[in-house]
$ cat model_22.pdb   # PDB, C-alpha atoms, pLDDT in the B column
MODEL        1
ATOM      1  CA  MET A   1    -177.026 -76.566  32.404  1.00 65.00           C
ATOM      2  CA  ALA A   2    -177.538 -77.048  28.679  1.00 86.00           C
ATOM      3  CA  ASN A   3    -174.666 -77.606  26.268  1.00 90.00           C
ATOM      4  CA  ILE A   4    -175.007 -75.813  22.952  1.00 92.00           C
ATOM      5  CA  PHE A   5    -172.418 -76.939  20.442  1.00 92.00           C
ATOM      6  CA  CYS A   6    -171.709 -74.078  18.035  1.00 92.00           C
ATOM      7  CA  THR A   7    -170.478 -74.264  14.472  1.00 90.00           C
ATOM      8  CA  LYS A   8    -167.466 -72.147  13.553  1.00 90.00           C
ATOM      9  CA  LYS A   9    -169.767 -69.599  11.882  1.00 91.00           C
ATOM     10  CA  LEU A  10    -171.765 -69.147  15.062  1.00 91.00           C
ATOM     11  CA  GLU A  11    -168.635 -69.216  17.207  1.00 91.00           C
ATOM     12  CA  LYS A  12    -167.340 -66.147  15.328  1.00 90.00           C
ATOM     13  CA  ILE A  13    -170.564 -64.287  16.124  1.00 90.00           C
ATOM     14  CA  ILE A  14    -170.762 -65.104  19.825  1.00 90.00           C
ATOM     15  CA  GLY A  15    -167.014 -64.791  20.378  1.00 89.00           C
ATOM     16  CA  LYS A  16    -164.396 -67.278  21.538  1.00 85.00           C
ATOM     17  CA  ALA A  17    -164.505 -65.839  25.051  1.00 85.00           C
ATOM     18  CA  ASN A  18    -168.030 -67.237  25.457  1.00 86.00           C
ATOM     19  CA  ILE A  19    -167.015 -70.786  24.441  1.00 86.00           C
ATOM     20  CA  SER A  20    -166.453 -73.185  27.343  1.00 85.00           C
ATOM     21  CA  ALA A  21    -164.413 -76.374  27.427  1.00 80.00           C
ATOM     22  CA  ASP A  22    -166.485 -77.919  30.220  1.00 79.00           C
ATOM     23  CA  GLU A  23    -169.224 -80.412  29.431  1.00 76.00           C
ATOM     24  CA  VAL A  24    -172.181 -80.505  31.765  1.00 77.00           C
ATOM     25  CA  ASP A  25    -175.272 -82.654  32.159  1.00 81.00           C
ATOM     26  CA  SER A  26    -178.395 -81.328  30.525  1.00 85.00           C
ATOM     27  CA  LEU A  27    -181.976 -82.095  31.428  1.00 87.00           C
ATOM     28  CA  ILE A  28    -183.094 -82.866  27.878  1.00 91.00           C
ATOM     29  CA  GLY A  29    -179.784 -83.363  26.126  1.00 90.00           C
ATOM     30  CA  ASN A  30    -177.355 -81.321  24.101  1.00 91.00           C
ATOM     31  CA  TRP A  31    -178.167 -78.901  21.305  1.00 94.00           C
ATOM     32  CA  ASN A  32    -176.255 -78.079  18.153  1.00 93.00           C
ATOM     33  CA  ALA A  33    -176.500 -74.571  16.729  1.00 93.00           C
ATOM     34  CA  ASN A  34    -175.693 -72.803  13.495  1.00 93.00           C
ATOM     35  CA  VAL A  35    -176.377 -69.403  12.021  1.00 93.00           C
ATOM     36  CA  PHE A  36    -178.107 -68.731   8.717  1.00 90.00           C
ATOM     37  CA  TYR A  37    -179.032 -65.498   7.027  1.00 89.00           C
ATOM     38  CA  VAL A  38    -182.325 -64.328   5.574  1.00 83.00           C
ATOM     39  CA  ASN A  39    -182.447 -60.828   4.093  1.00 83.00           C
ATOM     40  CA  ARG A  40    -179.069 -60.101   5.739  1.00 88.00           C
ATOM     41  CA  LYS A  41    -180.470 -60.874   9.192  1.00 89.00           C
ATOM     42  CA  LYS A  42    -178.826 -63.461  11.423  1.00 92.00           C
ATOM     43  CA  ASN A  43    -180.994 -66.356  12.538  1.00 92.00           C
ATOM     44  CA  ILE A  44    -179.895 -69.051  14.961  1.00 94.00           C
ATOM     45  CA  PHE A  45    -180.970 -72.609  14.222  1.00 93.00           C
ATOM     46  CA  LEU A  46    -180.779 -75.023  17.168  1.00 94.00           C
ATOM     47  CA  ILE A  47    -181.414 -78.742  17.010  1.00 92.00           C
ATOM     48  CA  ASN A  48    -181.695 -81.206  19.882  1.00 92.00           C
ATOM     49  CA  GLU A  49    -179.285 -84.146  19.542  1.00 90.00           C
ATOM     50  CA  ARG A  50    -181.677 -86.739  20.975  1.00 89.00           C
ATOM     51  CA  THR A  51    -184.792 -85.830  19.016  1.00 89.00           C
ATOM     52  CA  CYS A  52    -183.839 -83.567  16.087  1.00 88.00           C
ATOM     53  CA  TYR A  53    -186.411 -81.119  17.442  1.00 92.00           C
ATOM     54  CA  SER A  54    -185.482 -77.674  16.189  1.00 92.00           C
ATOM     55  CA  VAL A  55    -185.853 -74.119  17.416  1.00 94.00           C
ATOM     56  CA  ILE A  56    -185.244 -71.009  15.340  1.00 93.00           C
ATOM     57  CA  ILE A  57    -184.271 -67.711  16.919  1.00 94.00           C
ATOM     58  CA  PRO A  58    -184.989 -65.061  14.273  1.00 92.00           C
ATOM     59  CA  ASN A  59    -183.189 -61.735  13.811  1.00 92.00           C
ATOM     60  CA  PHE A  60    -180.466 -62.426  16.345  1.00 93.00           C
ATOM     61  CA  VAL A  61    -178.161 -59.517  17.154  1.00 91.00           C
ATOM     62  CA  LYS A  62    -174.967 -59.733  19.192  1.00 89.00           C
ATOM     63  CA  LYS A  63    -176.275 -57.324  21.824  1.00 92.00           C
ATOM     64  CA  ASN A  64    -178.854 -60.008  22.743  1.00 92.00           C
ATOM     65  CA  LEU A  65    -176.113 -62.471  23.725  1.00 91.00           C
ATOM     66  CA  PRO A  66    -176.387 -61.732  27.491  1.00 91.00           C
ATOM     67  CA  LYS A  67    -180.111 -62.564  27.248  1.00 93.00           C
ATOM     68  CA  PHE A  68    -179.572 -65.666  25.092  1.00 93.00           C
ATOM     69  CA  LYS A  69    -180.767 -68.066  27.797  1.00 91.00           C
ATOM     70  CA  GLU A  70    -184.124 -66.302  28.198  1.00 93.00           C
ATOM     71  CA  ILE A  71    -184.566 -65.896  24.434  1.00 94.00           C
ATOM     72  CA  PHE A  72    -183.754 -69.552  23.730  1.00 94.00           C
ATOM     73  CA  TYR A  73    -185.952 -71.046  26.438  1.00 92.00           C
ATOM     74  CA  GLN A  74    -188.852 -68.722  25.604  1.00 93.00           C
ATOM     75  CA  ARG A  75    -188.663 -69.657  21.900  1.00 94.00           C
ATOM     76  CA  PHE A  76    -188.399 -73.334  22.892  1.00 94.00           C
ATOM     77  CA  ILE A  77    -191.484 -73.169  25.142  1.00 94.00           C
ATOM     78  CA  ASP A  78    -193.422 -71.173  22.514  1.00 94.00           C
ATOM     79  CA  GLN A  79    -192.563 -73.760  19.872  1.00 95.00           C
ATOM     80  CA  LEU A  80    -193.602 -76.633  22.140  1.00 95.00           C
ATOM     81  CA  GLN A  81    -196.973 -74.958  22.650  1.00 94.00           C
ATOM     82  CA  TYR A  82    -197.389 -74.347  18.920  1.00 94.00           C
ATOM     83  CA  ASP A  83    -196.592 -78.014  18.224  1.00 94.00           C
ATOM     84  CA  SER A  84    -199.109 -79.105  20.917  1.00 94.00           C
ATOM     85  CA  ILE A  85    -196.414 -80.795  22.967  1.00 94.00           C
ATOM     86  CA  GLN A  86    -197.361 -81.175  26.609  1.00 92.00           C
ATOM     87  CA  ILE A  87    -194.778 -79.993  29.102  1.00 92.00           C
ATOM     88  CA  ASP A  88    -195.103 -80.150  32.859  1.00 91.00           C
ATOM     89  CA  LEU A  89    -194.745 -76.954  34.897  1.00 91.00           C
ATOM     90  CA  ARG A  90    -191.961 -78.461  37.048  1.00 91.00           C
ATOM     91  CA  VAL A  91    -190.011 -79.453  33.947  1.00 91.00           C
ATOM     92  CA  THR A  92    -190.509 -75.963  32.493  1.00 90.00           C
ATOM     93  CA  ASN A  93    -189.202 -74.372  35.682  1.00 90.00           C
ATOM     94  CA  ARG A  94    -186.181 -76.689  35.749  1.00 90.00           C
ATOM     95  CA  LEU A  95    -185.418 -75.883  32.118  1.00 87.00           C
ATOM     96  CA  MET A  96    -185.739 -72.141  32.657  1.00 87.00           C
ATOM     97  CA  ASN A  97    -183.291 -72.365  35.574  1.00 87.00           C
ATOM     98  CA  GLN A  98    -180.630 -74.204  33.556  1.00 86.00           C
ATOM     99  CA  GLN A  99    -177.655 -72.158  32.427  1.00 86.00           C
ATOM    100  CA  ILE A 100    -176.423 -72.174  28.838  1.00 88.00           C
ATOM    101  CA  ASN A 101    -172.939 -73.527  28.143  1.00 89.00           C
ATOM    102  CA  PHE A 102    -171.613 -72.717  24.649  1.00 91.00           C
ATOM    103  CA  ARG A 103    -169.121 -75.267  23.353  1.00 90.00           C
ATOM    104  CA  LYS A 104    -167.161 -75.919  20.177  1.00 89.00           C
ATOM    105  CA  THR A 105    -168.874 -78.224  17.726  1.00 84.00           C
ATOM    106  CA  ASN A 106    -168.914 -81.881  18.752  1.00 81.00           C
ATOM    107  CA  ASN A 107    -168.793 -83.178  15.172  1.00 74.00           C
ATOM    108  CA  ASN A 108    -171.864 -85.379  15.560  1.00 78.00           C
ATOM    109  CA  ARG A 109    -172.208 -86.057  11.834  1.00 82.00           C
ATOM    110  CA  LYS A 110    -175.814 -87.251  11.982  1.00 82.00           C
ATOM    111  CA  VAL A 111    -177.017 -84.150  13.813  1.00 84.00           C
ATOM    112  CA  ILE A 112    -174.900 -81.732  11.780  1.00 85.00           C
ATOM    113  CA  GLY A 113    -176.119 -83.326   8.536  1.00 86.00           C
ATOM    114  CA  THR A 114    -179.731 -83.132   9.677  1.00 84.00           C
ATOM    115  CA  MET A 115    -179.240 -79.529  10.792  1.00 86.00           C
ATOM    116  CA  THR A 116    -177.701 -78.590   7.437  1.00 87.00           C
ATOM    117  CA  GLN A 117    -180.602 -80.177   5.570  1.00 87.00           C
ATOM    118  CA  PHE A 118    -183.158 -78.464   7.814  1.00 86.00           C
ATOM    119  CA  ILE A 119    -181.498 -75.082   7.206  1.00 86.00           C
ATOM    120  CA  LYS A 120    -181.626 -75.666   3.442  1.00 87.00           C
ATOM    121  CA  ASP A 121    -185.298 -76.571   3.781  1.00 85.00           C
ATOM    122  CA  VAL A 122    -185.946 -73.430   5.851  1.00 83.00           C
ATOM    123  CA  GLU A 123    -184.255 -71.255   3.244  1.00 82.00           C
ATOM    124  CA  TYR A 124    -186.251 -72.938   0.475  1.00 83.00           C
ATOM    125  CA  LEU A 125    -189.544 -72.452   2.323  1.00 80.00           C
ATOM    126  CA  LEU A 126    -188.761 -68.813   3.063  1.00 78.00           C
ATOM    127  CA  TYR A 127    -187.812 -67.961  -0.513  1.00 79.00           C
ATOM    128  CA  TYR A 128    -190.393 -69.972  -2.442  1.00 78.00           C
ATOM    129  CA  HIS A 129    -193.387 -70.420  -0.135  1.00 72.00           C
ATOM    130  CA  HIS A 130    -194.533 -67.003   0.943  1.00 69.00           C
ATOM    131  CA  GLU A 131    -197.677 -68.322   2.638  1.00 70.00           C
ATOM    132  CA  ILE A 132    -195.697 -69.022   5.822  1.00 71.00           C
ATOM    133  CA  GLN A 133    -196.809 -66.363   8.297  1.00 76.00           C
ATOM    134  CA  THR A 134    -194.911 -66.996  11.539  1.00 84.00           C
ATOM    135  CA  ILE A 135    -191.603 -68.391  12.711  1.00 84.00           C
ATOM    136  CA  GLN A 136    -193.536 -71.036  14.686  1.00 87.00           C
ATOM    137  CA  GLU A 137    -195.251 -72.214  11.511  1.00 85.00           C
ATOM    138  CA  LEU A 138    -191.924 -72.441   9.703  1.00 83.00           C
ATOM    139  CA  ASN A 139    -190.334 -74.315  12.591  1.00 86.00           C
ATOM    140  CA  HIS A 140    -193.345 -76.660  12.764  1.00 86.00           C
ATOM    141  CA  LYS A 141    -192.799 -77.642   9.135  1.00 81.00           C
ATOM    142  CA  MET A 142    -189.225 -78.606  10.048  1.00 78.00           C
ATOM    143  CA  THR A 143    -190.089 -80.538  13.190  1.00 82.00           C
ATOM    144  CA  ASN A 144    -193.012 -82.279  11.538  1.00 81.00           C
ATOM    145  CA  ASN A 145    -190.694 -83.911   8.977  1.00 73.00           C
ATOM    146  CA  TYR A 146    -190.006 -87.562   9.610  1.00 67.00           C
ATOM    147  CA  VAL A 147    -186.508 -88.730  10.454  1.00 69.00           C
ATOM    148  CA  THR A 148    -185.317 -92.294  10.668  1.00 58.00           C
ATOM    149  CA  ILE A 149    -181.899 -91.985  12.251  1.00 57.00           C
ATOM    150  CA  PHE A 150    -182.923 -91.317  15.838  1.00 54.00           C
ATOM    151  CA  GLY A 151    -185.414 -94.058  16.579  1.00 53.00           C
ATOM    152  CA  PRO A 152    -184.495 -96.861  18.995  1.00 56.00           C
ATOM    153  CA  LYS A 153    -184.491 -99.407  16.163  1.00 58.00           C
ATOM    154  CA  LYS A 154    -182.685 -99.093  12.862  1.00 56.00           C
ATOM    155  CA  TYR A 155    -185.807 -98.557  10.737  1.00 58.00           C
ATOM    156  CA  ASP A 156    -188.056 -96.694  13.171  1.00 65.00           C
ATOM    157  CA  ILE A 157    -189.620 -93.590  11.672  1.00 70.00           C
ATOM    158  CA  ASP A 158    -190.547 -90.909  14.157  1.00 79.00           C
ATOM    159  CA  SER A 159    -191.036 -87.199  13.835  1.00 85.00           C
ATOM    160  CA  PRO A 160    -189.007 -84.856  16.028  1.00 89.00           C
ATOM    161  CA  ILE A 161    -192.287 -83.725  17.603  1.00 91.00           C
ATOM    162  CA  GLU A 162    -193.131 -87.271  18.730  1.00 89.00           C
ATOM    163  CA  LEU A 163    -189.581 -87.866  19.951  1.00 89.00           C
ATOM    164  CA  MET A 164    -189.551 -84.593  21.932  1.00 93.00           C
ATOM    165  CA  GLN A 165    -192.868 -85.491  23.579  1.00 93.00           C
ATOM    166  CA  GLU A 166    -191.425 -88.852  24.647  1.00 93.00           C
ATOM    167  CA  LEU A 167    -188.259 -87.168  25.960  1.00 93.00           C
ATOM    168  CA  LEU A 168    -190.265 -84.626  27.972  1.00 95.00           C
ATOM    169  CA  ASN A 169    -192.423 -87.421  29.418  1.00 94.00           C
ATOM    170  CA  LYS A 170    -189.283 -89.288  30.553  1.00 93.00           C
ATOM    171  CA  THR A 171    -187.873 -86.044  31.960  1.00 92.00           C
ATOM    172  CA  LYS A 172    -191.113 -85.445  33.870  1.00 92.00           C
ATOM    173  CA  ARG A 173    -190.864 -88.875  35.504  1.00 91.00           C
ATOM    174  CA  LYS A 174    -187.218 -88.185  36.373  1.00 88.00           C
ATOM    175  CA  VAL A 175    -188.005 -84.751  37.873  1.00 87.00           C
ATOM    176  CA  TYR A 176    -190.866 -86.143  39.990  1.00 88.00           C
ATOM    177  CA  ALA A 177    -188.713 -89.038  41.176  1.00 87.00           C
ATOM    178  CA  GLU A 178    -186.108 -86.657  42.611  1.00 78.00           C
TER     179      GLU A 178
ENDMDL
END
$ encode --input "model_22.pdb" --output "structure tokens"
Amino acid sequence: MANIFCTKKLEKIIGKANISADEVDSLIGNWNANVFYVNRKKNIFLINERTCYSVIIPNFVKKNLPKFKEIFYQRFIDQLQYDSIQIDLRVTNRLMNQQINFRKTNNNRKVIGTMTQFIKDVEYLLYYHHEIQTIQELNHKMTNNYVTIFGPKKYDIDSPIELMQELLNKTKRKVYAE
């Protein structure tokens, strides 16, 4: 099961009844999520806590909430392919079989700060750089940025794409060892 920690803005959209108090283990870690608007359309921005790898779900409507798991994992897999990140079939199947567990925000300041900055960058790119054609291209620009706060050493500089590839490789070894 995957934990998705929702901001208060997103919590209002998905409803308090869908928020769980239980924390569960996740195959590739927890996600934080927020909502942002472009042309009055809701978009969900998700960011992985371990890697800062992001996924954008465009034009989200509340009636899609029962299908959120399928939408999220499909967008995640599509983005991995666009970013040329290798993912094993067994790992993909395990991910697709994980349930989604919405939770209240966990107040991880580093992740929330990074997510807020990424959303500002997304809004800037959408409003001022009209050459962006697809949501995958936009998301790639976000995940191709370099971050320093998540490397194993204090001054390591890794991109979220590189960190996600390493995480998926570790997950593959773990899945095959079971």
$ residues_around --input "model_22.pdb" --residues "Ile19 of chain A" --least-positions-apart "3" --cutoff "7 Å" --atoms "only C-alpha atoms" --output "ChimeraX atom specification"
/A:16,102-104
$ residues_near_point --input "model_22.pdb" --point "(-169.9, -80.4, 16.0)" --cutoff "7 Å" --atoms "only C-alpha atoms" --output "list in words"
Phe5, Cys6, Thr7, Lys104, Thr105, Asn106, Asn107, Asn108 and Ile112 of chain A
$ closest_residue --input "model_22.pdb" --among "A:Ile161, A:Leu89, A:Val38, A:Leu80" --to "Val122 of chain A" --atoms "only C-alpha atoms"
A:Val38
$ residues_near_point --input "model_22.pdb" --point "(-179.1, -80.6, 15.8)" --cutoff "7 Å" --atoms "only C-alpha atoms" --output "compact mmCIF listing (two decimals) with C-alpha atoms, in the coordinates of the input"
# COMPACT_ATOMS: atom_id res chain seq x y z
CA TRP A 31 -178.17 -78.90 21.30
CA ASN A 32 -176.26 -78.08 18.15
CA ALA A 33 -176.50 -74.57 16.73
CA LEU A 46 -180.78 -75.02 17.17
CA ILE A 47 -181.41 -78.74 17.01
CA ASN A 48 -181.70 -81.21 19.88
CA GLU A 49 -179.28 -84.15 19.54
CA CYS A 52 -183.84 -83.57 16.09
CA VAL A 111 -177.02 -84.15 13.81
CA ILE A 112 -174.90 -81.73 11.78
CA THR A 114 -179.73 -83.13 9.68
CA MET A 115 -179.24 -79.53 10.79
$ residues_around --input "model_22.pdb" --residues "Gln165 of chain A" --least-positions-apart "4" --cutoff "10 Å" --atoms "all atoms listed in the file" --output "JSON, numbers by chain"
{"A": [51, 53, 80, 83, 84, 85, 86, 87, 160, 161, 169, 170, 171]}
$ resolve_selection --input "model_22.pdb" --expression "the PyMOL selection byres ((chain A and resi 61-68) around 12)" --output "number ranges by chain"
A: 4, 10-15, 18, 35, 37, 40-44, 57-60, 69-76, 96, 99-102
$ resolve_selection --input "model_22.pdb" --expression "the PyMOL selection byres ((chain A and resi 25) around 12)" --output "ChimeraX atom specification"
/A:1-4,22-24,26-31,98-101
$ write_last_selection --input "model_22.pdb" --atoms "C-alpha atoms" --output "short mmCIF file (atom, residue, chain, number, x, y, z; two decimals), keeping the file's coordinate frame"
data_model
loop_
_atom_site.label_atom_id
_atom_site.label_comp_id
_atom_site.auth_asym_id
_atom_site.auth_seq_id
_atom_site.Cartn_x
_atom_site.Cartn_y
_atom_site.Cartn_z
CA MET A 1 -177.03 -76.57 32.40
CA ALA A 2 -177.54 -77.05 28.68
CA ASN A 3 -174.67 -77.61 26.27
CA ILE A 4 -175.01 -75.81 22.95
CA ASP A 22 -166.48 -77.92 30.22
CA GLU A 23 -169.22 -80.41 29.43
CA VAL A 24 -172.18 -80.50 31.76
CA SER A 26 -178.40 -81.33 30.52
CA LEU A 27 -181.98 -82.10 31.43
CA ILE A 28 -183.09 -82.87 27.88
CA GLY A 29 -179.78 -83.36 26.13
CA ASN A 30 -177.36 -81.32 24.10
CA TRP A 31 -178.17 -78.90 21.30
CA GLN A 98 -180.63 -74.20 33.56
CA GLN A 99 -177.66 -72.16 32.43
CA ILE A 100 -176.42 -72.17 28.84
CA ASN A 101 -172.94 -73.53 28.14
#
$ atom_distance --input "model_22.pdb" --atom1 "atom CA of Arg90 of chain A" --atom2 "atom CA of Ser54 of chain A"
21.9 Å
$ resolve_selection --input "model_22.pdb" --expression "the PyMOL selection byres ((chain A and resi 123) around 12)" --output "ChimeraX atom specification"
/A:35-39,43,45,116-122,124-130,132,138-139,142
$ atom_distance --input "model_22.pdb" --atom1 "atom CA of Leu163 of chain A" --atom2 "atom CA of Thr143 of chain A"
10.0 Å
$ atom_distance --input "model_22.pdb" --atom1 "atom CA of Lys9 of chain A" --atom2 "atom CA of Arg109 of chain A"
16.6 Å
$ decode --input "model_22.pdb" --residues "segment 14-72 of chain A" --atoms "C-alpha atoms" --output "CSV table (one decimal), in the first residue's frame"
chain,number,residue,atom,x,y,z
A,14,ILE,CA,-11.0,14.3,-1.8
A,15,GLY,CA,-13.0,14.6,1.4
A,16,LYS,CA,-12.2,13.8,5.0
A,17,ALA,CA,-14.0,10.4,4.8
A,18,ASN,CA,-11.2,9.2,2.4
A,19,ILE,CA,-8.4,10.2,4.8
A,20,SER,CA,-7.0,7.3,6.9
A,21,ALA,CA,-5.1,7.4,10.1
A,22,ASP,CA,-3.2,4.2,9.5
A,23,GLU,CA,0.3,4.2,8.2
A,24,VAL,CA,1.4,1.3,6.0
A,25,ASP,CA,4.6,0.2,4.4
A,26,SER,CA,5.1,1.2,0.8
A,27,LEU,CA,7.2,-0.4,-1.9
A,28,ILE,CA,9.0,2.8,-3.0
A,29,GLY,CA,8.2,5.1,-0.1
A,30,ASN,CA,5.6,7.7,0.7
A,31,TRP,CA,4.3,10.5,-1.5
A,32,ASN,CA,3.2,14.0,-0.7
A,33,ALA,CA,0.4,15.6,-2.8
A,34,ASN,CA,-1.0,19.0,-3.4
A,35,VAL,CA,-3.5,20.5,-5.8
A,36,PHE,CA,-2.8,23.4,-8.2
A,37,TYR,CA,-5.0,25.1,-10.7
A,38,VAL,CA,-4.3,25.9,-14.4
A,39,ASN,CA,-7.1,27.6,-16.3
A,40,ARG,CA,-9.5,26.7,-13.5
A,41,LYS,CA,-8.7,23.0,-13.8
A,42,LYS,CA,-7.5,21.0,-10.9
A,43,ASN,CA,-4.2,19.3,-11.2
A,44,ILE,CA,-2.7,17.0,-8.6
A,45,PHE,CA,1.1,17.2,-8.0
A,46,LEU,CA,2.7,14.2,-6.3
A,47,ILE,CA,6.2,14.0,-5.1
A,48,ASN,CA,8.1,11.0,-3.7
A,49,GLU,CA,9.6,11.6,-0.3
A,50,ARG,CA,12.8,9.6,-1.0
A,51,THR,CA,13.7,10.9,-4.4
A,52,CYS,CA,11.7,14.1,-5.1
A,53,TYR,CA,10.5,12.4,-8.2
A,54,SER,CA,7.3,14.1,-9.2
A,55,VAL,CA,4.1,13.0,-11.1
A,56,ILE,CA,1.4,15.4,-12.3
A,57,ILE,CA,-2.2,14.2,-12.8
A,58,PRO,CA,-3.8,16.9,-15.0
A,59,ASN,CA,-7.4,17.9,-15.1
A,60,PHE,CA,-8.4,15.9,-12.0
A,61,VAL,CA,-12.2,15.8,-11.3
A,62,LYS,CA,-13.7,14.4,-8.1
A,63,LYS,CA,-15.7,11.8,-10.0
A,64,ASN,CA,-12.3,10.2,-10.8
A,65,LEU,CA,-11.5,9.6,-7.1
A,66,PRO,CA,-12.6,5.9,-7.2
A,67,LYS,CA,-10.1,5.3,-10.0
A,68,PHE,CA,-7.3,7.3,-8.4
A,69,LYS,CA,-5.1,4.3,-7.9
A,70,GLU,CA,-5.2,3.3,-11.6
A,71,ILE,CA,-4.8,7.0,-12.8
A,72,PHE,CA,-1.8,7.6,-10.4
